[in-house]
Structures are given as C-alpha cells and as structure tokens.
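upload17.txt follows (compact mmCIF, C-alpha atoms):
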# COMPACT_ATOMS: atom_id res chain seq x y z
CA MET A 11 -43.82 14.50 -17.14
CA ARG A 12 -41.12 11.93 -16.81
CA ARG A 13 -37.87 12.70 -15.04
CA ASP A 14 -34.84 11.06 -16.61
CA ALA A 15 -33.16 8.56 -14.33
CA ALA A 16 -30.35 10.18 -12.34
CA LYS A 17 -26.94 8.91 -13.27
CA LEU A 18 -23.77 8.58 -11.26
CA GLY A 19 -20.31 7.75 -12.56
CA VAL A 20 -18.11 5.31 -10.59
CA VAL A 21 -14.37 5.22 -11.10
CA THR A 22 -13.52 1.54 -10.80
CA SER A 23 -12.02 -1.32 -12.72
CA ASN A 24 -13.42 -3.83 -10.23
CA GLU A 25 -16.42 -5.58 -11.78
CA GLY A 26 -17.55 -6.91 -8.41
CA LYS A 27 -17.76 -3.41 -6.95
CA LEU A 28 -19.53 -2.08 -10.03
CA ARG A 29 -22.13 -4.85 -9.80
CA GLU A 30 -22.81 -4.02 -6.15
CA PHE A 31 -23.04 -0.29 -6.83
CA ARG A 32 -25.61 -1.03 -9.56
CA VAL A 33 -27.72 -3.03 -7.10
CA LEU A 34 -27.41 -0.33 -4.45
CA ALA A 35 -28.19 2.58 -6.77
CA ALA A 36 -31.18 0.84 -8.34
CA GLU A 37 -32.93 1.06 -4.94
CA TYR A 38 -32.88 4.83 -5.34
CA GLY A 39 -33.75 4.84 -9.03
CA VAL A 40 -30.21 5.91 -9.81
CA GLU A 41 -28.24 4.47 -12.70
CA VAL A 42 -24.56 3.81 -12.14
CA TYR A 43 -22.07 3.76 -14.99
CA PRO A 44 -18.34 3.03 -14.94
CA ILE A 45 -15.73 5.68 -15.60
CA ARG A 46 -12.68 3.81 -16.84
CA ALA A 47 -10.04 6.18 -15.51
CA ARG A 48 -6.99 4.82 -13.78
CA LYS A 49 -7.48 5.38 -10.06
CA PRO A 50 -4.50 7.06 -8.39
CA GLU A 51 -4.08 5.84 -4.81
CA ILE A 52 -1.88 7.07 -2.00
CA GLN A 53 -0.57 4.95 0.87
CA ALA A 54 -2.41 5.59 4.13
CA ASP A 55 -3.81 3.50 6.97
CA ASP A 56 -7.25 5.07 6.61
CA VAL A 57 -9.44 4.23 3.61
CA ARG A 58 -11.17 7.64 3.97
CA VAL A 59 -7.88 9.39 3.35
CA ILE A 60 -7.12 7.21 0.32
CA ALA A 61 -10.55 7.67 -1.26
CA THR A 62 -10.51 11.43 -0.66
CA ALA A 63 -7.05 11.81 -2.21
CA SER A 64 -8.06 9.68 -5.23
CA ALA A 65 -11.14 11.83 -5.78
CA ALA A 66 -9.17 15.05 -5.47
CA VAL A 67 -6.71 13.96 -8.17
CA LEU A 68 -9.39 12.53 -10.47
CA MET A 69 -11.43 15.74 -10.23
CA GLN A 70 -8.81 17.47 -12.31
CA HIS A 71 -9.68 15.25 -15.26
CA ILE A 72 -13.29 14.18 -14.78
CA ARG A 73 -15.87 16.82 -15.51
CA GLU A 74 -19.06 15.08 -14.36
CA PRO A 75 -19.92 14.17 -10.74
CA PHE A 76 -18.46 10.79 -9.76
CA ILE A 77 -17.71 8.51 -6.84
CA VAL A 78 -14.58 6.54 -6.09
CA GLU A 79 -14.37 3.97 -3.33
CA ASP A 80 -11.63 2.52 -1.18
CA ALA A 81 -12.34 -0.44 1.06
CA GLY A 82 -10.47 -2.88 3.21
CA LEU A 83 -10.73 -5.84 5.54
CA PHE A 84 -9.27 -5.07 8.97
CA ILE A 85 -8.50 -8.14 11.11
CA ASP A 86 -8.11 -7.37 14.82
CA ALA A 87 -5.62 -10.15 15.65
CA LEU A 88 -3.42 -9.03 12.73
CA ASN A 89 -3.36 -5.39 13.86
CA GLY A 90 -5.66 -4.36 11.05
CA PHE A 91 -3.90 -6.29 8.28
CA PRO A 92 -4.59 -6.41 5.32
CA GLY A 93 -6.48 -3.13 5.75
CA PRO A 94 -6.09 -0.57 2.97
CA TYR A 95 -3.87 -2.93 0.98
CA SER A 96 -6.51 -5.66 0.68
CA ALA A 97 -6.44 -5.69 -3.14
CA TYR A 98 -2.66 -6.17 -3.23
CA VAL A 99 -2.76 -8.82 -0.51
CA LEU A 100 -5.52 -10.68 -2.35
CA ARG A 101 -3.43 -10.61 -5.52
CA THR A 102 -0.31 -11.96 -3.78
CA ILE A 103 -1.00 -14.24 -0.78
CA GLY A 104 -4.75 -14.45 -1.41
CA VAL A 105 -7.53 -15.82 0.74
CA ASN A 106 -5.38 -18.83 1.64
CA GLY A 107 -2.62 -16.58 2.93
CA ILE A 108 -5.05 -14.92 5.32
CA LEU A 109 -6.36 -18.32 6.46
CA LYS A 110 -2.79 -19.45 7.10
CA LEU A 111 -2.02 -16.33 9.14
CA MET A 112 -5.18 -17.01 11.17
CA GLU A 113 -4.36 -20.66 11.87
CA GLY A 114 -4.62 -21.29 15.61
CA VAL A 115 -5.71 -17.70 16.25
CA ARG A 116 -8.60 -17.55 18.70
CA ASP A 117 -9.72 -13.94 18.20
CA ARG A 118 -11.15 -14.03 14.68
CA SER A 119 -12.94 -10.69 14.81
CA ALA A 120 -12.62 -8.38 11.82
CA ARG A 121 -14.38 -5.58 10.05
CA PHE A 122 -14.91 -4.49 6.49
CA VAL A 123 -14.72 -0.73 5.99
CA ALA A 124 -15.67 1.19 2.85
CA ALA A 125 -15.10 4.87 2.13
CA ILE A 126 -16.93 6.39 -0.81
CA ALA A 127 -15.69 9.79 -1.94
CA TYR A 128 -18.17 11.85 -3.95
CA ALA A 129 -16.76 14.62 -6.10
CA ASP A 130 -18.26 17.32 -8.21
CA SER A 131 -16.87 20.68 -9.25
CA GLU A 132 -19.44 22.59 -7.17
CA MET A 133 -19.44 20.60 -3.92
CA GLY A 134 -15.81 19.53 -3.90
CA VAL A 135 -15.07 16.16 -2.31
CA LYS A 136 -17.15 14.60 0.44
CA VAL A 137 -16.49 11.17 1.94
CA PHE A 138 -18.94 8.64 3.41
CA THR A 139 -18.05 5.52 5.33
CA GLY A 140 -19.70 2.24 6.15
CA GLU A 141 -18.56 -0.59 8.32
CA VAL A 142 -19.66 -4.14 9.07
CA ARG A 143 -18.23 -6.27 11.85
CA GLY A 144 -17.84 -10.03 11.64
CA THR A 145 -15.42 -12.91 11.97
CA ILE A 146 -12.91 -14.68 9.75
CA ALA A 147 -14.13 -18.17 8.79
CA THR A 148 -11.80 -21.17 9.14
CA GLU A 149 -12.20 -22.00 5.44
CA ALA A 150 -13.36 -20.25 2.28
CA ARG A 151 -17.06 -20.77 1.53
CA GLY A 152 -19.27 -19.59 -1.32
CA ALA A 153 -18.77 -18.48 -4.91
CA GLY A 154 -20.50 -15.09 -4.83
CA GLY A 155 -19.11 -11.68 -4.01
CA PHE A 156 -15.43 -10.94 -4.59
CA GLY A 157 -12.24 -10.25 -2.68
CA PHE A 158 -12.22 -11.64 0.84
CA ASP A 159 -15.98 -12.29 0.86
CA PRO A 160 -15.55 -16.12 1.06
CA ILE A 161 -13.87 -15.89 4.49
CA PHE A 162 -15.94 -13.08 6.08
CA VAL A 163 -18.97 -13.99 8.21
CA PRO A 164 -20.90 -10.85 9.19
CA GLU A 165 -22.03 -10.51 12.81
CA GLY A 166 -25.26 -12.42 13.45
CA TRP A 167 -24.89 -14.53 10.30
CA SER A 168 -23.67 -18.07 9.77
CA ARG A 169 -22.97 -17.66 6.06
CA THR A 170 -20.09 -15.79 4.46
CA PHE A 171 -20.55 -12.77 2.21
CA ALA A 172 -19.79 -15.08 -0.75
CA GLU A 173 -22.68 -17.40 0.13
CA VAL A 174 -25.41 -14.81 -0.37
CA GLY A 175 -26.57 -12.80 -3.36
CA PRO A 176 -25.57 -9.17 -3.99
CA GLU A 177 -28.95 -7.86 -2.76
CA GLU A 178 -28.66 -9.61 0.58
CA LYS A 179 -25.01 -8.67 0.99
CA SER A 180 -25.62 -5.03 0.08
CA ARG A 181 -28.31 -4.67 2.73
CA ILE A 182 -25.76 -4.92 5.53
CA SER A 183 -22.37 -4.55 3.87
CA HIS A 184 -19.83 -1.80 4.48
CA ARG A 185 -20.33 -0.71 0.87
CA GLY A 186 -24.10 -0.71 1.25
CA ARG A 187 -23.91 1.39 4.40
CA ALA A 188 -21.50 3.90 2.90
CA PHE A 189 -23.66 4.15 -0.20
CA MET A 190 -26.79 4.75 1.89
CA ALA A 191 -25.04 7.59 3.72
CA LEU A 192 -24.05 9.07 0.36
CA MET A 193 -27.58 8.81 -1.01
CA GLU A 194 -29.13 10.42 2.07
CA TRP A 195 -26.77 13.33 1.69
CA LEU A 196 -27.34 13.68 -2.06
CA LEU A 197 -31.09 13.73 -1.45
CA SER A 198 -30.88 16.14 1.48
CA GLU A 199 -28.74 18.50 -0.60
CA ARG A 200 -31.17 18.11 -3.51
CA ILE A 201 -28.31 17.04 -5.74
CA LEU A 202 -30.29 13.98 -6.77
CA MET B 3 42.80 24.49 0.07
CA ARG B 4 40.10 22.50 1.81
CA ARG B 5 36.87 21.64 0.08
CA ASP B 6 33.86 21.56 2.38
CA ALA B 7 32.32 18.13 2.70
CA ALA B 8 29.47 17.63 0.24
CA LYS B 9 26.10 17.26 1.90
CA LEU B 10 22.99 15.40 0.84
CA GLY B 11 19.56 15.58 2.43
CA VAL B 12 17.56 12.38 2.93
CA VAL B 13 13.81 12.48 3.45
CA THR B 14 13.17 9.71 5.95
CA SER B 15 11.79 9.08 9.39
CA ASN B 16 13.38 5.62 9.48
CA GLU B 17 16.45 5.73 11.72
CA GLY B 18 17.72 2.41 10.34
CA LYS B 19 17.75 3.76 6.80
CA LEU B 20 19.39 7.00 7.90
CA ARG B 21 22.16 5.08 9.68
CA GLU B 22 22.86 3.03 6.57
CA PHE B 23 22.87 6.07 4.31
CA ARG B 24 25.41 7.70 6.64
CA VAL B 25 27.70 4.66 6.36
CA LEU B 26 27.30 4.55 2.58
CA ALA B 27 27.84 8.27 2.03
CA ALA B 28 30.91 8.38 4.27
CA GLU B 29 32.71 6.16 1.75
CA TYR B 30 32.42 9.03 -0.71
CA GLY B 31 33.21 11.76 1.79
CA VAL B 32 29.61 12.87 1.64
CA GLU B 33 27.66 13.87 4.70
CA VAL B 34 24.05 12.83 4.90
CA TYR B 35 21.50 14.74 6.95
CA PRO B 36 17.82 14.00 7.57
CA ILE B 37 15.05 16.16 6.16
CA ARG B 38 12.09 15.58 8.45
CA ALA B 39 9.34 16.11 5.88
CA ARG B 40 6.39 13.75 5.76
CA LYS B 41 6.94 11.44 2.81
CA PRO B 42 3.89 11.21 0.53
CA GLU B 43 3.60 7.75 -1.01
CA ILE B 44 1.41 6.42 -3.78
CA GLN B 45 0.30 2.82 -4.18
CA ALA B 46 2.17 0.97 -6.93
CA ASP B 47 3.75 -2.44 -7.39
CA ASP B 48 7.09 -0.93 -8.38
CA VAL B 49 9.25 0.82 -5.77
CA ARG B 50 10.79 2.98 -8.53
CA VAL B 51 7.39 4.44 -9.30
CA ILE B 52 6.69 5.12 -5.61
CA ALA B 53 10.06 6.77 -4.96
CA THR B 54 9.81 8.90 -8.10
CA ALA B 55 6.31 10.10 -7.23
CA SER B 56 7.38 10.89 -3.64
CA ALA B 57 10.32 12.94 -4.91
CA ALA B 58 8.17 14.80 -7.42
CA VAL B 59 5.72 15.89 -4.71
CA LEU B 60 8.44 16.73 -2.17
CA MET B 61 10.30 18.86 -4.73
CA GLN B 62 7.53 21.42 -4.50
CA HIS B 63 8.48 22.10 -0.88
CA ILE B 64 12.14 21.22 -0.52
CA ARG B 65 14.56 23.70 -2.03
CA GLU B 66 17.86 21.84 -1.63
CA PRO B 67 18.85 18.63 -3.48
CA PHE B 68 17.59 15.54 -1.65
CA ILE B 69 17.04 11.80 -1.95
CA VAL B 70 14.04 9.73 -0.95
CA GLU B 71 14.02 5.95 -0.96
CA ASP B 72 11.43 3.26 -1.29
CA ALA B 73 12.34 -0.36 -0.70
CA GLY B 74 10.67 -3.70 -0.35
CA LEU B 75 11.14 -7.41 0.22
CA PHE B 76 9.73 -9.46 -2.66
CA ILE B 77 9.18 -13.15 -1.87
CA ASP B 78 8.84 -15.36 -4.95
CA ALA B 79 6.54 -18.01 -3.44
CA LEU B 80 4.21 -15.24 -2.20
CA ASN B 81 3.97 -13.57 -5.63
CA GLY B 82 6.13 -10.69 -4.51
CA PHE B 83 4.42 -10.09 -1.15
CA PRO B 84 5.06 -7.99 0.94
CA GLY B 85 6.74 -5.96 -1.80
CA PRO B 86 6.17 -2.20 -1.74
CA TYR B 87 4.03 -2.49 1.39
CA SER B 88 6.81 -3.98 3.52
CA ALA B 89 6.65 -1.23 6.15
CA TYR B 90 2.91 -1.70 6.65
CA VAL B 91 3.23 -5.48 6.73
CA LEU B 92 6.04 -5.25 9.27
CA ARG B 93 3.87 -3.01 11.44
CA THR B 94 0.88 -5.38 11.31
CA ILE B 95 1.77 -9.08 10.90
CA GLY B 96 5.51 -8.54 11.38
CA VAL B 97 8.42 -10.90 10.86
CA ASN B 98 6.45 -13.73 12.49
CA GLY B 99 3.59 -13.28 10.03
CA ILE B 100 6.00 -13.76 7.13
CA LEU B 101 7.52 -16.83 8.79
CA LYS B 102 4.03 -18.28 9.27
CA LEU B 103 3.15 -17.68 5.61
CA MET B 104 6.38 -19.44 4.63
CA GLU B 105 5.78 -22.51 6.84
CA GLY B 106 6.16 -25.63 4.72
CA VAL B 107 7.08 -23.59 1.64
CA ARG B 108 10.01 -25.12 -0.21
CA ASP B 109 10.90 -22.22 -2.53
CA ARG B 110 12.25 -19.63 -0.08
CA SER B 111 13.85 -17.34 -2.65
CA ALA B 112 13.32 -13.62 -2.30
CA ARG B 113 14.89 -10.30 -3.16
CA PHE B 114 15.26 -6.94 -1.53
CA VAL B 115 14.85 -4.01 -3.92
CA ALA B 116 15.62 -0.37 -3.20
CA ALA B 117 14.83 2.63 -5.37
CA ILE B 118 16.50 5.92 -4.53
CA ALA B 119 15.05 9.00 -6.19
CA TYR B 120 17.36 11.99 -6.38
CA ALA B 121 15.76 15.38 -6.89
CA ASP B 122 17.06 18.86 -7.46
CA SER B 123 15.47 21.81 -9.18
CA GLU B 124 17.96 21.74 -12.05
CA MET B 125 18.17 18.01 -12.82
CA GLY B 126 14.59 17.07 -11.95
CA VAL B 127 14.06 13.58 -10.55
CA LYS B 128 16.27 10.62 -11.36
CA VAL B 129 15.85 7.15 -9.87
CA PHE B 130 18.47 4.49 -9.11
CA THR B 131 17.79 0.91 -8.10
CA GLY B 132 19.67 -1.83 -6.32
CA GLU B 133 18.72 -5.42 -5.72
CA VAL B 134 20.04 -8.32 -3.66
CA ARG B 135 18.80 -11.88 -3.99
CA GLY B 136 18.62 -14.32 -1.11
CA THR B 137 16.38 -16.65 0.85
CA ILE B 138 13.92 -16.38 3.72
CA ALA B 139 15.31 -17.99 6.90
CA THR B 140 13.17 -20.41 8.90
CA GLU B 141 13.53 -18.28 12.03
CA ALA B 142 14.51 -14.71 12.89
CA ARG B 143 18.22 -14.31 13.68
CA GLY B 144 20.28 -11.30 14.70
CA ALA B 145 19.66 -7.96 16.38
CA GLY B 146 21.18 -5.62 13.79
CA GLY B 147 19.62 -3.97 10.78
CA PHE B 148 15.92 -3.22 10.73
CA GLY B 149 12.73 -4.33 9.01
CA PHE B 150 12.87 -7.85 7.61
CA ASP B 151 16.66 -8.10 7.99
CA PRO B 152 16.45 -10.88 10.64
CA ILE B 153 14.85 -13.31 8.18
CA PHE B 154 16.78 -12.45 5.01
CA VAL B 155 19.90 -14.44 4.11
CA PRO B 156 21.68 -12.93 1.10
CA GLU B 157 22.87 -15.28 -1.64
CA GLY B 158 26.22 -16.86 -0.77
CA TRP B 159 25.90 -16.02 2.92
CA SER B 160 24.86 -18.10 5.89
CA ARG B 161 24.08 -15.17 8.16
CA THR B 162 21.03 -12.89 7.96
CA PHE B 163 21.28 -9.16 7.30
CA ALA B 164 20.59 -8.63 11.03
CA GLU B 165 23.63 -10.70 12.04
CA VAL B 166 26.20 -8.41 10.43
CA GLY B 167 27.16 -4.77 10.97
CA PRO B 168 25.96 -1.90 8.78
CA GLU B 169 29.28 -1.74 6.88
CA GLU B 170 29.17 -5.37 5.88
CA LYS B 171 25.47 -5.23 5.01
CA SER B 172 25.85 -2.05 2.97
CA ARG B 173 28.56 -3.58 0.82
CA ILE B 174 26.10 -5.93 -0.86
CA SER B 175 22.67 -4.66 0.11
CA HIS B 176 19.97 -3.39 -2.24
CA ARG B 177 20.33 0.03 -0.58
CA GLY B 178 24.11 -0.04 -0.94
CA ARG B 179 23.86 -0.91 -4.63
CA ALA B 180 21.28 1.76 -5.38
CA PHE B 181 23.37 4.31 -3.49
CA MET B 182 26.50 3.38 -5.43
CA ALA B 183 24.64 3.86 -8.71
CA LEU B 184 23.48 7.27 -7.48
CA MET B 185 27.02 8.28 -6.44
CA GLU B 186 28.53 7.22 -9.74
CA TRP B 187 25.99 9.35 -11.56
CA LEU B 188 26.45 12.36 -9.26
CA LEU B 189 30.22 12.15 -9.82
CA SER B 190 29.94 11.65 -13.58
CA GLU B 191 27.63 14.64 -13.83
CA ARG B 192 30.00 16.63 -11.61
CA ILE B 193 27.17 17.39 -9.24
CA LEU B 194 29.28 16.16 -6.35
Please express what this file holds, its structure, as structure tokens.
Amino acid sequence: MRRDAAKLGVVTSNEGKLREFRVLAAEYGVEVYPIRARKPEIQADDVRVIATASAAVLMQHIREPFIVEDAGLFIDALNGFPGPYSAYVLRTIGVNGILKLMEGVRDRSARFVAAIAYADSEMGVKVFTGEVRGTIATEARGAGGFGFDPIFVPEGWSRTFAEVGPEEKSRISHRGRAFMALMEWLLSERIL
Amino acid sequence: MRRDAAKLGVVTSNEGKLREFRVLAAEYGVEVYPIRARKPEIQADDVRVIATASAAVLMQHIREPFIVEDAGLFIDALNGFPGPYSAYVLRTIGVNGILKLMEGVRDRSARFVAAIAYADSEMGVKVFTGEVRGTIATEARGAGGFGFDPIFVPEGWSRTFAEVGPEEKSRISHRGRAFMALMEWLLSERIL
C-alpha cells in the first residue's frame, strides 16, 4: 500500500524561500506548495512574534495546515539592524547599503534568524526558530541564494551563503534549522 | 458662558510627538492628553496604511475619540529608506548610520511624511497626511526636536528641524500640516 506524499502549504511570495523549503521538505518526503495569500505582517523586533501574528491572521482565511516564515539578518555592530525589516532594507538600500554601513567596522559578527509558524485549525499556531551565526563579508560574493546571502559567511566557512547550492546552505542555515525543528515536532505529534 | 476646552487623546509613547501635538492643538484651543496604550503597527510602505490599521485595532479598546500617528523620513537617493521604519532605524543605526549611507551622495533630497488617523465610534477612522520636503544635512546640527530632526533641513531653510523651537517647526512640519488638515475637518464636521 502506498501512502500519498504528505503536503504542506507555505504562504510566501518569495521564490527563493519557496525553493529552499522544497529542498528541505524533500528530505522528509514532504511536498511543499505555495499558498499565494498576501502575508499580513506586524512591526516587532522579534521574528517569532511577527511570524506568529501573521499565522494567526491567515488562519482565519486558510483552511488547510500551512506555514509562514519570518526571517532577518541581525548585525551586532548595527544593534541588530536590519533585523525584522531585512526585506524592506534590501529593497531600499540593498546589499551595498549594508556594506557601506559596515565600512571600517571591526566587529563584523551577525546572525540570521528564521521563525517558522505552523498553523492548523486543530493545533493552533506553533512557532519554531533556527539561527546561524557568521560574519559580514567585505564585498558581495556569489550568485546563489537570495536576500543578504552574498554578504553572509557562516561560522566555520570561507564562502558566503550565495556561493553554495541550496542543499549545502539548507544543511546549516537558519531556515534549515527552523524547518528541522518543525519536522521533528510534526513527526512526534504524528501530524505527518 | 464658558465652553470647556475641547480635549483630544493621542496614543503615543513618544514624548517628542506629544510635545508637538500640544503646541499644535493649543492654536485651536484644544487640549491634548496622552493615552498610554501600546500601539499595534503593521508593516507597510505607506504611513497612511500603518496609522489607519493602528487606529482600527485600538478602536476596539479605546472608548473616547483619539488620534494615532505614523511618520517617516523618506530619502530619495535611498529609495525611500528609512521610510515607515524610521523609529527602528533610529534605534539601531541612528542618525550617524543615515549620514554614513549618504556619504558622497549628491542627491540629498528627502521628505518627512506624517499620517494622523482620527478614530471615534461614530465617524470610524479617517486619515490625514502632511508632508515637508527638504534635504539631508552633511552633519547633525541642533539639540531640539527628536528623531531625524538634526539632519533634516526643510526646503527654503538653512537650519535643521532640531535648530528651531517646536512652534517654528510645527508651522511647516509634516506633523503640523497633517494636524491642520485634521483640525479643519473636525471643525467643518462640527465635531470640535
């Protein structure tokens, strides 16, 4: 008897995120599909709070189980900037703006944080986080990934997130770690 | 016969804003008082959308008429950055971060935009905007005002918003203009 592949909806309009979720889910035999709802987002310093609030609002309209993610790059020397507003900052001052702000800055430590909120009508909303520490490069390198990947060098690596493929990135990325935590929970709860 | 002074609640935890609203309202014989509710804010590129959404949520809890404001500094050469996230940007990279981003940038034009949402149970939510154009100074000047005032020189001026008193600033500021639009409407509707 063959079990149909489990499916999981992802509310996102970010093709880069969707691609990574597909890679991550495939490891568990789960198929990810996009839900093209507009994601409502509140302002908060904590990506967990933002993702949870988004899921809570979306639950009113989306009937099937889904996940929604919020992520950000937090640079220590910039007091956490751009943090939860990474998408807006990328769209306005971009990677070059961050590099300019980091000119002459010695402490280049930073971390990527992802919060994945899972929602279904029975379980409510549950949030899972993942984090990866690293440093801000002095120039953009690599054509892979998306967002601030070209300037983020994960701890213990010499290449940026944009210089490796999605499989390699996902193995250690904030998104990968948050997704693993989600999957462990889904399996332990026998939801998947 | 003496008419009691009209009163208007303002949802804000920003003392600088409150001070300016007091100055502005006094011109109309209106007394402003703070409502110390936590302001819920959504993420959006348009301060009108943010202020309107904040008012709509706050209306569920606040029984008296009130205003809530959202404002931002939009710098042309930075594609509108820091825009609606000005408070967060001020708290993280600050005035010096903006000056660094603007180093060597020839087009220094910018605008301050304020959106004041007025809410009462009868009229619903109505939003008023004000805008002032100007340029980003090459260094911070002045101890008055708040936020990005020390680096904003309004069109036709040589001094920054932080180098003048609240009365002078309010006469031409984004906040002053939005507040005037609100007052005209309140008077025309005989609410005040």
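In this structure, atom CA of Glu29 of chain B sits 26.3 Å away from atom CA of Lys41 of chain B.
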Between chain A and chain B, at 7 Å or less, what are the per-residue closest atom pairs and their distances in Å? Count all atoms listed in the file, order by chain and rising residue number, and return it as a tab-separated table.
residue	atom	partner	partner_atom	distance
A:Glu51	CA	B:Gln45	CA	5.4
A:Ile52	CA	B:Ile44	CA	3.8
A:Gln53	CA	B:Ile44	CA	5.3
A:Leu88	CA	B:Ile95	CA	5.5
A:Asn89	CA	B:Thr94	CA	4.9
A:Gly90	CA	B:Thr94	CA	6.6
A:Phe91	CA	B:Thr94	CA	5.7
A:Thr102	CA	B:Asn81	CA	4.9
A:Ile103	CA	B:Leu80	CA	5.5
A:Gly107	CA	B:Leu103	CA	6.5
A:Lys110	CA	B:Leu103	CA	6.4
A:Leu111	CA	B:Lys102	CA	6.4
Problem - Nearby residues (only C-alpha atoms) at most 8 Å from Ala119 of chain B, same-chain spacing under 2 positions excluded, as a PyMOL selection string - result: chain B and resi 50+53-54+57+69-71+117+121+127-130
Practice task
Have a look at A:Glu177, A:Glu194, A:Glu149, A:Glu141 and name the one nearest to Leu83 of chain A; count all atoms listed in the file.
Solution key: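 Once distances to Leu83 of chain A are computed over all atoms listed in the file, the minimum belongs to A:Glu141.
Our summary of the geometry notes that atom CA of Met182 of chain B is positioned 20.6 Å from atom CA of Ser56 of chain B.
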Practice task
For atom CA of Glu173 of chain A and atom CA of Pro160 of chain A, quote the distance in Å rounded to one decimal.
Solution key: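 Straight-line distance from atom CA of Glu173 of chain A to atom CA of Pro160 of chain A works out to 7.3 Å.
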Practice task
Skip Ile182 of chain A itself and residues of its chain fewer than 5 positions away, then list as an NGL selection string all residues within 12 Å of it, counting only C-alpha atoms.
Solution key: :A and (34 or 122-123 or 140-144 or 163-167 or 171 or 174-177 or 187-190)
Practice task
Excluding Asp159 of chain A and residues on its chain fewer than 2 positions from it, collect all residues at most 7 Å away from it, counting only C-alpha atoms, and give them as a ChimeraX atom specification.
Solution key: /A:155-157,161-162,170-172
Exercise for the section: Give me the residues within 9 Å of Gly134 of chain A as number ranges by chain, counting only C-alpha atoms and dropping any in the same chain fewer than 5 places off. Expected result: A: 66, 69, 128-129
Problem - 12 Å contact set for Arg192 of chain B, only C-alpha atoms, chain neighbours under 6 positions out, as number ranges by chain - result: B: 8, 125, 185-186
Export C-alpha atoms of the chosen residues as a compact mmCIF listing (two decimals), keeping the file's coordinate frame?
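Once everything was written out, this is selection_19.txt:
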# COMPACT_ATOMS: atom_id res chain seq x y z
CA ALA B 8 29.47 17.63 0.24
CA MET B 125 18.17 18.01 -12.82
CA MET B 185 27.02 8.28 -6.44
CA GLU B 186 28.53 7.22 -9.74
Subset file as a PDB file, in the first residue's frame: segment 53-64 of chain B, C-alpha atoms:
ATOM      1  CA  ALA B  53      -1.766  54.660  11.005  1.00  0.00           C
ATOM      2  CA  THR B  54      -5.180  53.552   9.778  1.00  0.00           C
ATOM      3  CA  ALA B  55      -4.583  49.940  10.791  1.00  0.00           C
ATOM      4  CA  SER B  56      -3.295  51.025  14.226  1.00  0.00           C
ATOM      5  CA  ALA B  57      -6.400  53.143  14.780  1.00  0.00           C
ATOM      6  CA  ALA B  58      -8.716  50.347  13.678  1.00  0.00           C
ATOM      7  CA  VAL B  59      -7.212  47.923  16.200  1.00  0.00           C
ATOM      8  CA  LEU B  60      -7.046  50.492  19.021  1.00  0.00           C
ATOM      9  CA  MET B  61     -10.699  51.440  18.484  1.00  0.00           C
ATOM     10  CA  GLN B  62     -11.706  48.087  19.901  1.00  0.00           C
ATOM     11  CA  HIS B  63     -10.283  49.094  23.277  1.00  0.00           C
ATOM     12  CA  ILE B  64     -10.420  52.874  23.443  1.00  0.00           C
TER      13      ILE B  64
END
